[in-house]
Amino acid sequence: MAALVVRLSCLGKRWVLACIDGGSRHGRGAAIGLTSRRKRGQSSVAQQPLIAVQKSRKGEREWAAVVGLEIHAQISSNSKLFSGSQVHFAAPPNSLVSFFDASLPGTLPVLNRRCVEAAVMTGLALNCRINKKSLFDRKHYFYADLPAGYQITQQRLPIAVNGCLAYSVSVGKKPSQVSTRTVRIKQIQLEQDSGKSLHDEPRSQTLIDLNRAGVGLLEVVLEPDMSCGEEAASAVRELQLILQALGTSQANMAEGQLRVDANISVHHPGEPLGVRTEVKNLNSARFLAKAIDFEIKRQIHELENGRKILNETRSFDDKLGCTMPMRDKEGKQDYRFMPEPNLPPLLLYDTASLPPGADPQQVINIDWIRERLPELPGKTREKLIQQYGMLPEHSFTLLNEVGLLEFFQNVIKETRAEPKKVTSWVLNIFLGFLKQQNLAVNESPVTPSALAELLNLLDRKAISSSAARQVFEELWRSKGKTPSQIVSEKKLELMQDQEALERVCHTVMEGHPQVVMDMKRGNPRAINKLIGLVRKATLSRADPTVIKEILERKLSS
Amino acid sequence: MSSLLSASSALREDALRRLKREMWARAVKLGLRSWVGWRRGFTSKADPQRSGRVTAEVIEHLERLALVDFGSQEAVARLEKAIAFADRLRAVDTDGVEPMESVLEDRCLYLRSDNVVEGNCAEELLQNAHRVVEEYFVAPPGMCSPKWLNRLSLSELRI
């Protein structure tokens, strides 16, 4: 690994390297139903049609935008889709390549069982119909990182069809105004990833690394049921959480395990859909939303100025925040799809159709996989809401941050504090500190047990909530100390000595006769001022409710 | 089948040699049925049957798809003849015959367990490459572009 880093860094010095994500070229041919009229299924009744209706600057006519997505998720498997070479993100160039991956003559594809199971699991989780028979096809195009000159995919009969994905978007200004929407899933197909090209512009050459060539991909085609960048980003985020919960893909966008192409068009409501463009190479949720919203605005601007939208492929420039036509994609592509001659149809079974005496290694039982599906994010959120009385938006936040749910559950296990208190501490204070320092949950200096202990101290009123915050800050700074240690070191425990507290109250009252007068005259705010003064005198170690009691007693006597 | 093979060997001349590799060889190798299936199942822009003649646009399209250069009118004429010959396949009445997926369609698709058993042979693989930089294959920049095709000669294409 160390050797690799050295190699890569010296490469960087010698060439200007621009990495083009070859894999996301895939899926261009899959027809997305933009030409057909949008038809919402029963499941999407809750959806408001066309929320991103934009007011035209020139007055009366409104615009509606339509967005469909093609998502490529790299299957999490040990070996590639059709060969026994390893799948690994950063390895020395061309070290994870078999003769088949390099397309040497005489080699044949051998299907990886794990990849088929991953596709079935994903299909079931996305409410798809699993095709008991699916077919492999060749899709042809010439690119240096595609050594065979074709990609094996599933064009005619994919492994899963007709699913749906529910996701949530915030609709109002408040985070609590969340609306659930549904996007239909046209199909999920198994296909090969391509290699990677590193373009060395100054030397006018391209360096080819085939380590990724032949890695299994799930292409998930979402119907154009979305209408803005935020909807698309939320749908992708939900899909990402589902894939991660299933373990079928690590779905890390930064490492290219999840790549999104967006099809975008605009039209006047009630009129036929407009000409679409495709924006490729979107590898972060934020860029996805930005690129889509930019493209919608651009298309409206073009049309309002009497220009036409070309059916073209565009790329998103994240620095300029705009989309540009892609240079090397001139002319219509003709993929010359043909049946893959070396792979018979892929047959799947259910318990009823399982042939008796079949070799269990050679048959895949859909029912067996369905029974073993792990809990999906939607269900997890529902349980959090029911079990802990959590607000829906809080359940979303808990799941959105990698490891946060586990952290929360570990704190809950070890503390006597109320779940609501734990939720509030984890989401407001703990997450706030993480965000401020740009840390992941597993990089936190505060362990779940430490937070649990702190919340116990707070729960049995050993410390005030402001003292608890101080302890938390101290925990964050000095690793290894326990909350109790910090409390005793900093003398933060609440004053339990009633007499001493009464003495302090007395002194404060004597010292501020004007405030006492104000209060006696019925100014309700005066007591707060006195409480503040007493707390200050006790270095915030007294419980405000106790102080209030004492003060009230003293004043009425 | 044998007449097809001999026909294809008759075509083994000049520029058509390369077109043959793209189309004919596939048809022969994959068997007649999948060839017919391909032509029927996937309509292509290069569909000269209707006109009987291959237009300049279709030639240009084919050249781009197959990365070949037809070069001469003679080569185009030979292509037209080859297509006319292949069209005899259409004389076979296939009505009511379900097209085959592949010649292996009634075989079981073998499933491999997910173990790493290959790879780690970069040195051997790179012996095939004309040019290598460190452990990378080296290719010319910007593939697929017609501009690129026009700019470089065939020999350059194969660096």
# chains A, B, ... in the order shown; residues from 1 in each chain; ligands from 1
>>> closest_atom_pairs(of="chain A", to="chain B", cutoff="8 Å", atoms="only C-alpha atoms", output="CSV")
residue,atom,partner,partner_atom,distance
A:Ser77,CA,B:Asp114,CA,7.0
A:Asn78,CA,B:Asp114,CA,6.0
A:Ser79,CA,B:Val116,CA,5.4
A:Ser83,CA,B:Glu118,CA,7.5
A:Gly84,CA,B:Val116,CA,4.9
A:Ser85,CA,B:Glu118,CA,4.5
A:Gln86,CA,B:Val116,CA,5.4
A:Pro92,CA,B:Glu135,CA,7.7
A:Pro93,CA,B:Glu135,CA,5.6
A:Asn94,CA,B:Ala122,CA,5.4
A:Ser95,CA,B:Asn120,CA,4.8
A:Leu96,CA,B:Gly119,CA,4.8
A:Val97,CA,B:Gly119,CA,4.7
A:Ser98,CA,B:Gly119,CA,4.6
A:Phe99,CA,B:Leu125,CA,7.5
A:Ala102,CA,B:Leu125,CA,7.6
A:Val110,CA,B:Arg112,CA,6.5
A:Leu111,CA,B:Leu111,CA,5.4
A:Asn112,CA,B:Arg112,CA,4.9
A:Arg113,CA,B:Leu111,CA,5.2
A:Arg114,CA,B:Asp114,CA,5.9
A:Tyr141,CA,B:Leu65,CA,7.5
A:Phe142,CA,B:Cys144,CA,5.8
A:Tyr143,CA,B:Met143,CA,5.6
A:Ala144,CA,B:Ala139,CA,6.4
A:His199,CA,B:Pro141,CA,6.9
A:Glu201,CA,B:Pro141,CA,7.9
A:Ser204,CA,B:Pro141,CA,5.9
A:Gln205,CA,B:Pro141,CA,4.8
A:Thr206,CA,B:Ala139,CA,5.0
A:Leu207,CA,B:Val138,CA,4.7
A:Ile208,CA,B:Phe137,CA,4.9
A:Asp209,CA,B:Tyr136,CA,5.7
A:Asp328,CA,B:Ser145,CA,5.7
A:Lys329,CA,B:Ser145,CA,7.1
A:Glu330,CA,B:Ser145,CA,7.0
A:Asp334,CA,B:Ser44,CA,7.2
A:Arg336,CA,B:Ser44,CA,6.9
A:Phe337,CA,B:Phe42,CA,6.4
A:Met338,CA,B:Trp38,CA,5.6
A:Pro339,CA,B:Glu101,CA,6.6
A:Glu340,CA,B:Ser102,CA,7.6
A:Pro341,CA,B:Ser102,CA,5.5
A:Asn342,CA,B:Leu104,CA,7.5
A:Leu343,CA,B:Leu109,CA,6.7
A:Pro344,CA,B:Glu105,CA,4.8
A:Pro345,CA,B:Glu105,CA,6.1
A:Leu346,CA,B:Leu109,CA,6.1
A:Leu347,CA,B:Leu109,CA,7.7
A:Gln361,CA,B:Leu111,CA,7.4
A:Gln362,CA,B:Leu111,CA,5.7
>>> residues_around(residues="Arg212 of chain A", least_positions_apart="3", cutoff="9 Å", atoms="only C-alpha atoms", output="number ranges by chain")
A: 23, 80, 87-89, 94, 96-97, 193-196, 209, 215
>>> write_last_selection(atoms="all heavy atoms", output="short mmCIF file (atom, residue, chain, number, x, y, z; two decimals), in the first residue's frame")
data_model
loop_
_atom_site.label_atom_id
_atom_site.label_comp_id
_atom_site.auth_asym_id
_atom_site.auth_seq_id
_atom_site.Cartn_x
_atom_site.Cartn_y
_atom_site.Cartn_z
N GLY A 23 -16.67 4.18 -16.15
CA GLY A 23 -17.84 3.35 -15.87
C GLY A 23 -19.14 4.09 -16.05
O GLY A 23 -20.14 3.51 -16.42
N LYS A 80 -14.76 -10.41 -9.46
CA LYS A 80 -15.49 -9.69 -10.50
C LYS A 80 -16.73 -10.45 -10.98
O LYS A 80 -16.94 -11.60 -10.63
CB LYS A 80 -14.55 -9.37 -11.66
CG LYS A 80 -13.44 -8.39 -11.25
CD LYS A 80 -12.57 -7.97 -12.41
CE LYS A 80 -11.47 -7.01 -11.93
NZ LYS A 80 -10.58 -6.60 -13.03
N VAL A 87 -11.75 -7.68 -6.51
CA VAL A 87 -12.33 -6.35 -6.56
C VAL A 87 -11.75 -5.57 -5.39
O VAL A 87 -11.90 -5.96 -4.25
CB VAL A 87 -13.87 -6.42 -6.43
CG1 VAL A 87 -14.47 -5.03 -6.37
CG2 VAL A 87 -14.47 -7.22 -7.57
N HIS A 88 -11.05 -4.49 -5.70
CA HIS A 88 -10.43 -3.70 -4.63
C HIS A 88 -10.25 -2.29 -5.15
O HIS A 88 -9.93 -2.09 -6.32
CB HIS A 88 -9.08 -4.33 -4.27
CG HIS A 88 -8.49 -3.75 -3.02
ND1 HIS A 88 -8.99 -4.04 -1.78
CD2 HIS A 88 -7.47 -2.89 -2.83
CE1 HIS A 88 -8.28 -3.38 -0.86
NE2 HIS A 88 -7.36 -2.67 -1.48
N PHE A 89 -10.45 -1.28 -4.28
CA PHE A 89 -10.47 0.10 -4.77
C PHE A 89 -9.09 0.62 -5.18
O PHE A 89 -8.90 1.04 -6.30
CB PHE A 89 -11.11 1.04 -3.75
CG PHE A 89 -11.07 2.48 -4.19
CD1 PHE A 89 -11.70 2.86 -5.36
CD2 PHE A 89 -10.40 3.43 -3.45
CE1 PHE A 89 -11.68 4.19 -5.79
CE2 PHE A 89 -10.36 4.76 -3.87
CZ PHE A 89 -11.01 5.12 -5.04
N ASN A 94 -3.39 -2.54 -13.05
CA ASN A 94 -3.45 -3.81 -13.79
C ASN A 94 -3.03 -5.03 -12.98
O ASN A 94 -2.72 -6.07 -13.54
CB ASN A 94 -2.63 -3.71 -15.08
CG ASN A 94 -3.27 -2.74 -16.06
OD1 ASN A 94 -4.44 -2.89 -16.37
ND2 ASN A 94 -2.53 -1.75 -16.51
N LEU A 96 -5.15 -6.41 -10.74
CA LEU A 96 -6.37 -7.17 -10.48
C LEU A 96 -7.05 -7.51 -11.81
O LEU A 96 -8.24 -7.27 -11.99
CB LEU A 96 -7.32 -6.37 -9.59
CG LEU A 96 -6.71 -5.74 -8.33
CD1 LEU A 96 -7.76 -4.95 -7.57
CD2 LEU A 96 -6.09 -6.80 -7.43
N VAL A 97 -6.29 -8.04 -12.74
CA VAL A 97 -6.81 -8.29 -14.08
C VAL A 97 -6.54 -9.75 -14.47
O VAL A 97 -5.41 -10.20 -14.38
CB VAL A 97 -6.14 -7.35 -15.11
CG1 VAL A 97 -6.76 -7.53 -16.48
CG2 VAL A 97 -6.24 -5.90 -14.66
N ASP A 193 -18.38 -3.32 -15.23
CA ASP A 193 -17.78 -1.99 -15.21
C ASP A 193 -16.66 -1.96 -16.24
O ASP A 193 -16.21 -3.01 -16.72
CB ASP A 193 -17.22 -1.70 -13.81
CG ASP A 193 -17.22 -0.22 -13.48
OD1 ASP A 193 -17.27 0.59 -14.42
OD2 ASP A 193 -17.16 0.12 -12.29
N SER A 194 -16.22 -0.76 -16.61
CA SER A 194 -15.10 -0.64 -17.55
C SER A 194 -13.82 -0.37 -16.75
O SER A 194 -13.88 -0.23 -15.53
CB SER A 194 -15.35 0.52 -18.50
OG SER A 194 -15.34 1.72 -17.76
N GLY A 195 -12.70 -0.29 -17.43
CA GLY A 195 -11.45 0.08 -16.76
C GLY A 195 -11.41 1.58 -16.54
O GLY A 195 -12.40 2.29 -16.76
N LYS A 196 -10.26 2.08 -16.14
CA LYS A 196 -10.13 3.52 -15.92
C LYS A 196 -9.09 4.09 -16.88
O LYS A 196 -8.06 3.48 -17.11
CB LYS A 196 -9.66 3.79 -14.49
CG LYS A 196 -10.80 3.85 -13.50
CD LYS A 196 -10.27 4.25 -12.14
CE LYS A 196 -11.41 4.33 -11.14
NZ LYS A 196 -10.92 4.38 -9.77
N ASP A 209 -5.79 1.52 -16.91
CA ASP A 209 -5.74 0.60 -15.77
C ASP A 209 -7.01 -0.24 -15.81
O ASP A 209 -8.12 0.29 -15.71
CB ASP A 209 -5.66 1.42 -14.47
CG ASP A 209 -5.74 0.55 -13.23
OD1 ASP A 209 -5.63 -0.69 -13.36
OD2 ASP A 209 -5.90 1.10 -12.12
N VAL A 215 -15.69 -5.48 -13.04
CA VAL A 215 -16.32 -5.48 -11.72
C VAL A 215 -17.84 -5.45 -11.92
O VAL A 215 -18.33 -4.81 -12.84
CB VAL A 215 -15.84 -4.26 -10.90
CG1 VAL A 215 -16.66 -4.07 -9.63
CG2 VAL A 215 -14.36 -4.39 -10.57
#
>>> closest_residue(among="A:Leu434, A:Ala119, A:Ile385, A:Leu455", to="Val422 of chain A", atoms="only C-alpha atoms")
A:Leu455
>>> atom_distance(atom1="atom CA of Leu398 of chain A", atom2="atom CA of Ala118 of chain A")
25.7 Å
>>> atom_distance(atom1="atom CA of Arg156 of chain A", atom2="atom CA of Val68 of chain B")
28.5 Å
>>> atom_distance(atom1="atom CA of Cys228 of chain A", atom2="atom CA of Val67 of chain A")
6.8 Å
